[in-house]
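**Student:** This is input-v9.cif, which holds mmCIF, C-alpha atoms:
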```
data_my_file
loop_
_atom_site.label_atom_id
_atom_site.label_comp_id
_atom_site.auth_asym_id
_atom_site.auth_seq_id
_atom_site.Cartn_x
_atom_site.Cartn_y
_atom_site.Cartn_z
CA MET A 1 -10.56 18.38 20.22
CA ALA A 2 -9.60 15.62 17.82
CA MET A 3 -11.18 12.18 17.61
CA TRP A 4 -8.50 9.60 16.86
CA CYS A 5 -9.97 6.38 15.44
CA THR A 6 -8.17 3.06 15.09
CA ILE A 7 -9.31 0.57 12.45
CA ARG A 8 -9.36 -3.22 12.31
CA THR A 9 -8.55 -3.70 15.99
CA PHE A 10 -10.87 -6.71 16.35
CA THR A 11 -9.73 -9.62 14.17
CA LYS A 12 -13.23 -10.84 13.23
CA HIS A 13 -14.26 -7.35 12.10
CA ALA A 14 -11.18 -6.99 9.91
CA LEU A 15 -11.94 -10.34 8.30
CA GLU A 16 -15.66 -9.62 7.76
CA LEU A 17 -14.68 -6.70 5.51
CA GLY A 18 -12.05 -8.73 3.65
CA ASN A 19 -9.01 -7.24 5.39
CA GLN A 20 -6.11 -8.81 7.21
CA PRO A 21 -5.70 -7.72 10.84
CA PRO A 22 -2.83 -5.22 11.14
CA SER A 23 0.13 -5.85 13.41
CA GLU A 24 0.46 -2.12 14.22
CA PRO A 25 -2.24 0.51 14.87
CA VAL A 26 -3.75 2.13 11.76
CA ILE A 27 -5.32 5.44 12.74
CA PHE A 28 -7.35 8.20 11.12
CA VAL A 29 -8.80 11.35 12.69
CA LYS A 30 -12.26 12.91 12.71
CA PRO A 31 -12.53 16.66 13.37
CA ASP A 32 -14.73 17.72 16.26
CA GLY A 33 -17.32 19.06 13.83
CA CYS A 34 -18.29 15.46 13.10
CA LEU A 35 -19.64 15.02 16.64
CA LEU A 36 -23.42 14.63 16.81
CA GLU A 37 -24.96 16.65 19.63
CA SER A 38 -28.42 15.14 19.42
CA ASP A 39 -30.20 11.80 19.83
CA ILE A 40 -31.36 11.96 16.22
CA ILE A 41 -28.98 10.45 13.64
CA PRO A 42 -29.72 12.16 10.29
CA VAL A 43 -29.11 9.21 7.97
CA SER A 44 -31.52 10.48 5.29
CA ALA A 45 -29.61 13.78 5.12
CA HIS A 46 -26.39 12.02 4.20
CA PRO A 47 -25.91 11.48 0.41
CA GLY A 48 -24.86 7.86 0.80
CA GLU A 49 -25.02 4.86 3.11
CA VAL A 50 -24.55 5.11 6.87
CA HIS A 51 -23.24 2.03 8.68
CA HIS A 52 -22.82 1.60 12.44
CA GLU A 53 -19.57 0.74 14.20
CA VAL A 54 -19.88 0.59 18.00
CA GLU A 55 -16.69 1.34 19.94
CA CYS A 56 -15.22 2.01 23.35
CA VAL A 57 -14.14 5.66 23.45
CA VAL A 58 -11.38 6.80 25.81
CA VAL A 59 -11.02 10.39 27.02
CA ILE A 60 -7.36 11.42 26.99
CA GLY A 61 -6.33 13.45 30.01
CA GLU A 62 -3.29 15.04 31.62
CA ASP A 63 0.02 13.42 30.60
CA LEU A 64 -2.01 11.53 27.95
CA ARG A 65 -3.48 9.20 30.55
CA PRO A 66 -6.98 7.75 30.18
CA THR A 67 -9.42 9.66 32.38
CA GLY A 68 -12.85 8.66 31.08
CA LEU A 69 -14.70 6.01 29.12
CA ALA A 70 -17.77 6.17 26.90
CA ILE A 71 -19.62 4.13 24.35
CA GLY A 72 -19.35 5.57 20.86
CA LEU A 73 -20.45 5.12 17.27
CA ASP A 74 -18.04 5.66 14.39
CA LEU A 75 -20.55 6.03 11.57
CA THR A 76 -19.22 5.06 8.15
CA ASP A 77 -20.34 5.45 4.54
CA ARG A 78 -19.36 1.92 3.53
CA ALA A 79 -20.05 2.35 -0.19
CA ALA A 80 -17.90 5.49 -0.34
CA GLN A 81 -15.18 3.78 1.69
CA SER A 82 -15.09 0.80 -0.67
CA ALA A 83 -14.94 3.02 -3.76
CA LEU A 84 -12.18 5.20 -2.31
CA ARG A 85 -10.18 2.21 -1.12
CA ALA A 86 -10.38 0.66 -4.61
CA GLU A 87 -8.78 3.83 -6.00
CA GLN A 88 -6.26 4.00 -3.11
CA LEU A 89 -7.65 7.39 -2.11
CA PRO A 90 -8.15 8.86 1.38
CA TRP A 91 -11.33 7.92 3.25
CA ALA A 92 -12.41 11.35 4.51
CA LYS A 93 -15.74 11.29 2.63
CA ALA A 94 -16.53 7.90 4.15
CA LYS A 95 -15.55 8.65 7.74
CA CYS A 96 -15.63 12.41 8.37
CA PHE A 97 -19.08 13.46 7.22
CA THR A 98 -21.49 15.54 9.32
CA ALA A 99 -22.82 13.70 12.41
CA SER A 100 -20.52 10.71 11.84
CA ALA A 101 -19.41 10.49 15.48
CA VAL A 102 -21.73 9.76 18.40
CA VAL A 103 -20.45 9.63 22.00
CA GLY A 104 -22.42 8.61 25.08
CA ASN A 105 -22.04 9.91 28.61
CA ILE A 106 -18.50 9.79 29.98
CA ALA A 107 -17.69 7.61 33.00
CA PRO A 108 -14.59 8.52 35.05
CA PHE A 109 -11.67 6.08 34.77
CA ASP A 110 -8.57 6.09 36.97
CA GLY A 111 -6.73 3.07 35.60
CA ALA A 112 -3.89 2.71 33.11
CA TRP A 113 -4.03 2.14 29.36
CA GLU A 114 -2.88 -1.44 29.93
CA ASP A 115 -5.92 -2.10 32.13
CA LEU A 116 -8.56 -1.36 29.52
CA ASN A 117 -8.44 -4.72 27.76
CA GLN A 118 -7.80 -6.83 30.84
CA HIS A 119 -10.27 -9.66 31.40
CA GLU A 120 -10.69 -8.66 35.07
CA LEU A 121 -12.03 -5.23 34.16
CA GLY A 122 -14.62 -6.92 31.98
CA LEU A 123 -15.43 -3.97 29.72
CA HIS A 124 -18.16 -5.03 27.30
CA LEU A 125 -19.68 -3.07 24.43
CA SER A 126 -22.91 -3.82 22.61
CA LEU A 127 -25.28 -2.31 20.09
CA HIS A 128 -28.93 -3.19 19.60
CA VAL A 129 -30.81 -1.88 16.56
CA ASN A 130 -34.60 -2.19 16.79
CA ASP A 131 -34.07 -4.48 19.83
CA GLU A 132 -31.91 -6.84 17.74
CA LEU A 133 -28.32 -7.40 18.92
CA ARG A 134 -26.04 -6.30 16.08
CA GLN A 135 -22.60 -5.99 17.71
CA ALA A 136 -21.14 -7.21 21.00
CA ALA A 137 -17.66 -7.94 22.36
CA HIS A 138 -15.49 -7.74 25.43
CA LEU A 139 -12.62 -5.31 25.13
CA SER A 140 -10.37 -8.20 26.14
CA GLU A 141 -11.00 -9.59 22.62
CA ILE A 142 -9.23 -6.65 21.01
CA SER A 143 -6.13 -7.56 19.01
CA VAL A 144 -4.60 -4.07 18.74
CA THR A 145 -4.85 -2.79 22.30
CA PRO A 146 -5.63 0.75 23.48
CA HIS A 147 -2.13 0.89 24.96
CA GLN A 148 -0.63 0.11 21.55
CA GLN A 149 -2.87 2.75 20.02
CA ILE A 150 -1.87 5.58 22.35
CA GLU A 151 1.81 4.67 22.10
CA ALA A 152 1.58 4.87 18.31
CA LEU A 153 -0.12 8.27 18.53
CA LYS A 154 2.50 9.60 20.94
CA ALA A 155 5.20 8.66 18.44
CA TRP A 156 3.97 10.86 15.59
CA SER A 157 0.74 12.77 16.24
CA PRO A 158 -0.22 16.01 18.02
CA VAL A 159 -2.53 14.09 20.38
CA ARG A 160 -3.33 16.15 23.46
CA ARG A 161 -5.43 16.43 26.58
CA GLY A 162 -9.15 16.49 25.79
CA ASP A 163 -8.89 14.38 22.64
CA LEU A 164 -10.91 11.18 22.24
CA LEU A 165 -9.64 7.77 21.16
CA PHE A 166 -12.09 5.48 19.37
CA THR A 167 -10.55 2.06 19.97
CA GLY A 168 -12.15 0.03 17.16
CA THR A 169 -15.26 -1.99 16.45
CA PRO A 170 -16.14 -5.70 16.66
CA GLU A 171 -17.81 -7.69 13.90
CA GLY A 172 -21.43 -7.16 12.89
CA VAL A 173 -21.32 -3.73 11.22
CA ASP A 174 -24.36 -2.99 9.09
CA GLN A 175 -26.39 -0.23 7.47
CA LEU A 176 -28.68 2.12 9.37
CA LEU A 177 -32.00 3.20 7.90
CA PRO A 178 -34.50 5.94 8.71
CA GLY A 179 -36.71 4.77 11.56
CA ASP A 180 -34.08 2.55 13.18
CA ARG A 181 -33.80 2.75 16.97
CA LEU A 182 -30.36 2.29 18.55
CA HIS A 183 -29.27 1.35 22.05
CA ALA A 184 -25.51 1.10 22.62
CA ARG A 185 -23.96 0.32 26.02
CA LEU A 186 -20.61 -0.01 27.73
CA LEU A 187 -20.69 -2.29 30.78
CA ASN A 188 -18.13 -3.33 33.38
CA ALA A 189 -17.52 -6.81 34.84
CA GLN A 190 -20.33 -6.33 37.36
CA GLY A 191 -22.83 -5.55 34.61
CA THR A 192 -23.06 -1.87 35.55
CA VAL A 193 -23.86 0.41 32.63
CA LEU A 194 -21.00 2.90 32.44
CA SER A 195 -22.16 4.70 29.32
CA GLU A 196 -25.00 4.43 26.85
CA ILE A 197 -26.43 5.90 23.68
CA ILE A 198 -30.16 5.86 22.99
CA ALA A 199 -30.89 7.31 19.56
CA ARG A 200 -33.08 7.00 16.53
CA CYS A 201 -32.45 7.50 12.83
CA GLU A 202 -34.28 9.94 10.61
#
```
What is this structure when it is put down as structure tokens?
**Tutor:**
Amino acid sequence: MAMWCTIRTFTKHALELGNQPPSEPVIFVKPDGCLLESDIIPVSAHPGEVHHEVECVVVIGEDLRPTGLAIGLDLTDRAAQSALRAEQLPWAKAKCFTASAVVGNIAPFDGAWEDLNQHELGLHLSLHVNDELRQAAHLSEISVTPHQQIEALKAWSPVRRGDLLFTGTPEGVDQLLPGDRLHARLLNAQGTVLSEIIARCE
């Protein structure tokens, strides 16, 4: 399983980090070994900073159709990312470290890629840290859509059934510290919780 991650898909997030929003999907990949299989995020074990990025995660199914949705966290070493970017070097150290991907429970989805960011579907993602709202957005606010993302992947990558697509994060990214408590949720238009992550940092 590969975890395909698209960056700068929400305009305000791109701008908060000093980047211009891209017109085409910009994608990197995390290996499956990055996936955290616990509700404890080991931030103190990582030799650097750990920042949160909450995202809608899509399970890729047969014929590369979307078959499931989950809330996810693309954890990022922001200091390492900034240093590597300044040297025009790859970001693997900043994005692909141990336990840098967290995925909540998967909710079945039988729609099309084009449906995911439609206002009527009302998909909404949020992240609270220590009961404080840090990040929140409707997927309809996304500027590089999931459909654009999968079409880009189909053009050049070995994307396949069972892979995950992290569709990008809204503004409000920040550092996580030992002792922090996280609650991330993906809701639909009716306010039903489709997927959630409840975790704490150590």
**Student:** Exactly which residues make up the result of the PyMOL selection byres ((chain A and resi 82) around 12) on this file, given as a PyMOL selection string?
**Tutor:** chain A and resi 17-19+49+76-81+83-91+93-95
**Student:** For the file shown, what are the residues hit by the PyMOL selection byres ((chain A and resi 126) around 8), laid out as a PDB file with C-alpha atoms, in the coordinates of the input?
**Tutor:**
```
ATOM      1  CA  VAL A  54     -19.880   0.590  18.000  1.00  0.00           C
ATOM      2  CA  HIS A 124     -18.160  -5.030  27.300  1.00  0.00           C
ATOM      3  CA  LEU A 125     -19.680  -3.070  24.430  1.00  0.00           C
ATOM      4  CA  LEU A 127     -25.280  -2.310  20.090  1.00  0.00           C
ATOM      5  CA  HIS A 128     -28.930  -3.190  19.600  1.00  0.00           C
ATOM      6  CA  LEU A 133     -28.320  -7.400  18.920  1.00  0.00           C
ATOM      7  CA  ARG A 134     -26.040  -6.300  16.080  1.00  0.00           C
ATOM      8  CA  GLN A 135     -22.600  -5.990  17.710  1.00  0.00           C
ATOM      9  CA  ALA A 136     -21.140  -7.210  21.000  1.00  0.00           C
ATOM     10  CA  ALA A 137     -17.660  -7.940  22.360  1.00  0.00           C
ATOM     11  CA  ALA A 184     -25.510   1.100  22.620  1.00  0.00           C
ATOM     12  CA  ARG A 185     -23.960   0.320  26.020  1.00  0.00           C
ATOM     13  CA  LEU A 186     -20.610  -0.010  27.730  1.00  0.00           C
TER      14      LEU A 186
END
```
**Student:** Apply the PyMOL selection byres ((chain A and resi 6) around 6) to the displayed file and report the matching residues as a ChimeraX atom specification.
**Tutor:** /A:5,7,26-27,167-168
**Student:** From the list A:Ser157, A:Gln175, A:Thr67, A:Ser195, which residue is nearest A:Gly48 when using all atoms listed in the file?
**Tutor:**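 Among A:Ser157, A:Gln175, A:Thr67, A:Ser195, it is A:Gln175 that comes nearest to A:Gly48.
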**Student:** Using all atoms listed in the file, determine which residues lie at most 12 Å from stretch 112-119 of chain A, disregarding the query and same-chain residues fewer than 2 positions distant; provide the list as a ChimeraX atom specification.
**Tutor:** /A:9-10,56-61,63-69,109-110,121-125,137-151,165,167,188-189
**Student:** Between atom CA of A:Asp131 and atom CA of A:Glu55, measure the distance and give it in Å to one decimal.
**Tutor:** 18.3 Å
**Student:** Let me make sure I understand: among A:Lys12, A:Arg181, A:Arg200, A:Arg160, which one has the smallest atom-to-atom distance to A:Ser38 if we use all atoms listed in the file?
**Tutor:** A:Arg200
**Student:** What does the structure give for the distance between atom CA of A:Gly162 and atom CA of A:His46, in Å to one decimal?
**Tutor:**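 Those two atoms sit 28.0 Å apart.
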**Student:** Please provide as a PDB file with C-alpha atoms, in the frame of the given file all residues within 12 Å of A:Pro158, with the sequence filter that same-chain residues fewer than 3 positions apart are discarded (counting all atoms listed in the file).
**Tutor:**
```pdb
ATOM      1  CA  MET A   1     -10.560  18.380  20.220  1.00  0.00           C
ATOM      2  CA  ALA A   2      -9.600  15.620  17.820  1.00  0.00           C
ATOM      3  CA  MET A   3     -11.180  12.180  17.610  1.00  0.00           C
ATOM      4  CA  TRP A   4      -8.500   9.600  16.860  1.00  0.00           C
ATOM      5  CA  VAL A  29      -8.800  11.350  12.690  1.00  0.00           C
ATOM      6  CA  LEU A  64      -2.010  11.530  27.950  1.00  0.00           C
ATOM      7  CA  ILE A 150      -1.870   5.580  22.350  1.00  0.00           C
ATOM      8  CA  ALA A 152       1.580   4.870  18.310  1.00  0.00           C
ATOM      9  CA  LEU A 153      -0.120   8.270  18.530  1.00  0.00           C
ATOM     10  CA  LYS A 154       2.500   9.600  20.940  1.00  0.00           C
ATOM     11  CA  ALA A 155       5.200   8.660  18.440  1.00  0.00           C
ATOM     12  CA  ARG A 161      -5.430  16.430  26.580  1.00  0.00           C
ATOM     13  CA  GLY A 162      -9.150  16.490  25.790  1.00  0.00           C
ATOM     14  CA  ASP A 163      -8.890  14.380  22.640  1.00  0.00           C
TER      15      ASP A 163
END
```
**Student:** Could you tell me which of A:Gly191, A:Asn105, A:Phe166, A:Pro42 comes closest to A:Pro25 if we count all atoms listed in the file?
**Tutor:**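 Ranking A:Gly191, A:Asn105, A:Phe166, A:Pro42 by distance to A:Pro25, first place goes to A:Phe166.
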**Student:** Extract, using all atoms listed in the file, all DNA, RNA and protein residues at most 7 Å from A:Asp74, discarding same-chain residues fewer than 6 positions from it, and format them as a list in words.
**Tutor:**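 Counting all atoms listed in the file, the residues come to His52, Glu53, Val54, Ser100, Ala101 and Val102 of chain A.
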**Student:** Please complete stretch 9-38 of chain A with N, CA and C atoms and give it back as a PDB file, in the coordinates of the input.
**Tutor:**
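selection.pdb was written with the following content:
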```
ATOM      1  N   THR A   9      -9.168  -3.282  14.727  1.00  0.00           N
ATOM      2  CA  THR A   9      -8.550  -3.700  15.990  1.00  0.00           C
ATOM      3  C   THR A   9      -9.128  -5.000  16.528  1.00  0.00           C
ATOM      4  N   PHE A  10     -10.288  -5.411  16.023  1.00  0.00           N
ATOM      5  CA  PHE A  10     -10.870  -6.710  16.350  1.00  0.00           C
ATOM      6  C   PHE A  10     -10.700  -7.611  15.124  1.00  0.00           C
ATOM      7  N   THR A  11     -10.081  -8.741  15.301  1.00  0.00           N
ATOM      8  CA  THR A  11      -9.730  -9.620  14.170  1.00  0.00           C
ATOM      9  C   THR A  11     -10.950  -9.992  13.336  1.00  0.00           C
ATOM     10  N   LYS A  12     -12.052 -10.382  13.984  1.00  0.00           N
ATOM     11  CA  LYS A  12     -13.230 -10.840  13.230  1.00  0.00           C
ATOM     12  C   LYS A  12     -13.830  -9.717  12.394  1.00  0.00           C
ATOM     13  N   HIS A  13     -13.747  -8.469  12.893  1.00  0.00           N
ATOM     14  CA  HIS A  13     -14.260  -7.350  12.100  1.00  0.00           C
ATOM     15  C   HIS A  13     -13.384  -7.116  10.880  1.00  0.00           C
ATOM     16  N   ALA A  14     -12.070  -7.167  11.064  1.00  0.00           N
ATOM     17  CA  ALA A  14     -11.180  -6.990   9.910  1.00  0.00           C
ATOM     18  C   ALA A  14     -11.500  -8.021   8.835  1.00  0.00           C
ATOM     19  N   LEU A  15     -11.694  -9.260   9.260  1.00  0.00           N
ATOM     20  CA  LEU A  15     -11.940 -10.340   8.300  1.00  0.00           C
ATOM     21  C   LEU A  15     -13.303 -10.224   7.628  1.00  0.00           C
ATOM     22  N   GLU A  16     -14.325  -9.705   8.363  1.00  0.00           N
ATOM     23  CA  GLU A  16     -15.660  -9.620   7.760  1.00  0.00           C
ATOM     24  C   GLU A  16     -15.689  -8.625   6.604  1.00  0.00           C
ATOM     25  N   LEU A  17     -14.754  -7.670   6.601  1.00  0.00           N
ATOM     26  CA  LEU A  17     -14.680  -6.700   5.510  1.00  0.00           C
ATOM     27  C   LEU A  17     -13.595  -7.054   4.493  1.00  0.00           C
ATOM     28  N   GLY A  18     -13.029  -8.266   4.625  1.00  0.00           N
ATOM     29  CA  GLY A  18     -12.050  -8.730   3.650  1.00  0.00           C
ATOM     30  C   GLY A  18     -10.659  -8.192   3.857  1.00  0.00           C
ATOM     31  N   ASN A  19     -10.330  -7.786   5.088  1.00  0.00           N
ATOM     32  CA  ASN A  19      -9.010  -7.240   5.390  1.00  0.00           C
ATOM     33  C   ASN A  19      -8.247  -8.164   6.323  1.00  0.00           C
ATOM     34  N   GLN A  20      -6.949  -8.096   6.256  1.00  0.00           N
ATOM     35  CA  GLN A  20      -6.110  -8.810   7.210  1.00  0.00           C
ATOM     36  C   GLN A  20      -5.901  -7.934   8.449  1.00  0.00           C
ATOM     37  N   PRO A  21      -5.945  -8.524   9.631  1.00  0.00           N
ATOM     38  CA  PRO A  21      -5.700  -7.720  10.840  1.00  0.00           C
ATOM     39  C   PRO A  21      -4.297  -7.121  10.818  1.00  0.00           C
ATOM     40  N   PRO A  22      -4.152  -5.848  11.145  1.00  0.00           N
ATOM     41  CA  PRO A  22      -2.830  -5.220  11.140  1.00  0.00           C
ATOM     42  C   PRO A  22      -2.028  -5.609  12.378  1.00  0.00           C
ATOM     43  N   SER A  23      -0.727  -5.566  12.264  1.00  0.00           N
ATOM     44  CA  SER A  23       0.130  -5.850  13.410  1.00  0.00           C
ATOM     45  C   SER A  23       0.428  -4.573  14.203  1.00  0.00           C
ATOM     46  N   GLU A  24       0.253  -3.410  13.579  1.00  0.00           N
ATOM     47  CA  GLU A  24       0.460  -2.120  14.220  1.00  0.00           C
ATOM     48  C   GLU A  24      -0.807  -1.279  14.063  1.00  0.00           C
ATOM     49  N   PRO A  25      -1.048  -0.326  14.973  1.00  0.00           N
ATOM     50  CA  PRO A  25      -2.240   0.510  14.870  1.00  0.00           C
ATOM     51  C   PRO A  25      -2.299   1.301  13.556  1.00  0.00           C
ATOM     52  N   VAL A  26      -3.479   1.317  12.952  1.00  0.00           N
ATOM     53  CA  VAL A  26      -3.750   2.130  11.760  1.00  0.00           C
ATOM     54  C   VAL A  26      -4.826   3.128  12.174  1.00  0.00           C
ATOM     55  N   ILE A  27      -4.502   4.410  12.095  1.00  0.00           N
ATOM     56  CA  ILE A  27      -5.320   5.440  12.740  1.00  0.00           C
ATOM     57  C   ILE A  27      -5.685   6.549  11.753  1.00  0.00           C
ATOM     58  N   PHE A  28      -6.937   6.990  11.834  1.00  0.00           N
ATOM     59  CA  PHE A  28      -7.350   8.200  11.120  1.00  0.00           C
ATOM     60  C   PHE A  28      -7.953   9.152  12.158  1.00  0.00           C
ATOM     61  N   VAL A  29      -8.286  10.358  11.737  1.00  0.00           N
ATOM     62  CA  VAL A  29      -8.800  11.350  12.690  1.00  0.00           C
ATOM     63  C   VAL A  29     -10.059  11.998  12.146  1.00  0.00           C
ATOM     64  N   LYS A  30     -11.045  12.160  13.035  1.00  0.00           N
ATOM     65  CA  LYS A  30     -12.260  12.910  12.710  1.00  0.00           C
ATOM     66  C   LYS A  30     -12.145  14.286  13.383  1.00  0.00           C
ATOM     67  N   PRO A  31     -12.484  15.358  12.697  1.00  0.00           N
ATOM     68  CA  PRO A  31     -12.530  16.660  13.370  1.00  0.00           C
ATOM     69  C   PRO A  31     -13.727  16.737  14.306  1.00  0.00           C
ATOM     70  N   ASP A  32     -13.660  17.651  15.263  1.00  0.00           N
ATOM     71  CA  ASP A  32     -14.730  17.720  16.260  1.00  0.00           C
ATOM     72  C   ASP A  32     -16.069  18.125  15.668  1.00  0.00           C
ATOM     73  N   GLY A  33     -16.062  18.715  14.486  1.00  0.00           N
ATOM     74  CA  GLY A  33     -17.320  19.060  13.830  1.00  0.00           C
ATOM     75  C   GLY A  33     -18.143  17.867  13.414  1.00  0.00           C
ATOM     76  N   CYS A  34     -17.549  16.683  13.441  1.00  0.00           N
ATOM     77  CA  CYS A  34     -18.290  15.460  13.100  1.00  0.00           C
ATOM     78  C   CYS A  34     -19.160  14.973  14.247  1.00  0.00           C
ATOM     79  N   LEU A  35     -18.951  15.519  15.457  1.00  0.00           N
ATOM     80  CA  LEU A  35     -19.640  15.020  16.640  1.00  0.00           C
ATOM     81  C   LEU A  35     -21.110  15.407  16.622  1.00  0.00           C
ATOM     82  N   LEU A  36     -21.974  14.400  16.763  1.00  0.00           N
ATOM     83  CA  LEU A  36     -23.420  14.630  16.810  1.00  0.00           C
ATOM     84  C   LEU A  36     -23.816  15.055  18.218  1.00  0.00           C
ATOM     85  N   GLU A  37     -24.522  16.147  18.330  1.00  0.00           N
ATOM     86  CA  GLU A  37     -24.960  16.650  19.630  1.00  0.00           C
ATOM     87  C   GLU A  37     -26.467  16.542  19.762  1.00  0.00           C
ATOM     88  N   SER A  38     -26.979  15.377  19.407  1.00  0.00           N
ATOM     89  CA  SER A  38     -28.420  15.140  19.420  1.00  0.00           C
ATOM     90  C   SER A  38     -28.644  13.632  19.532  1.00  0.00           C
TER      91      SER A  38
END
```
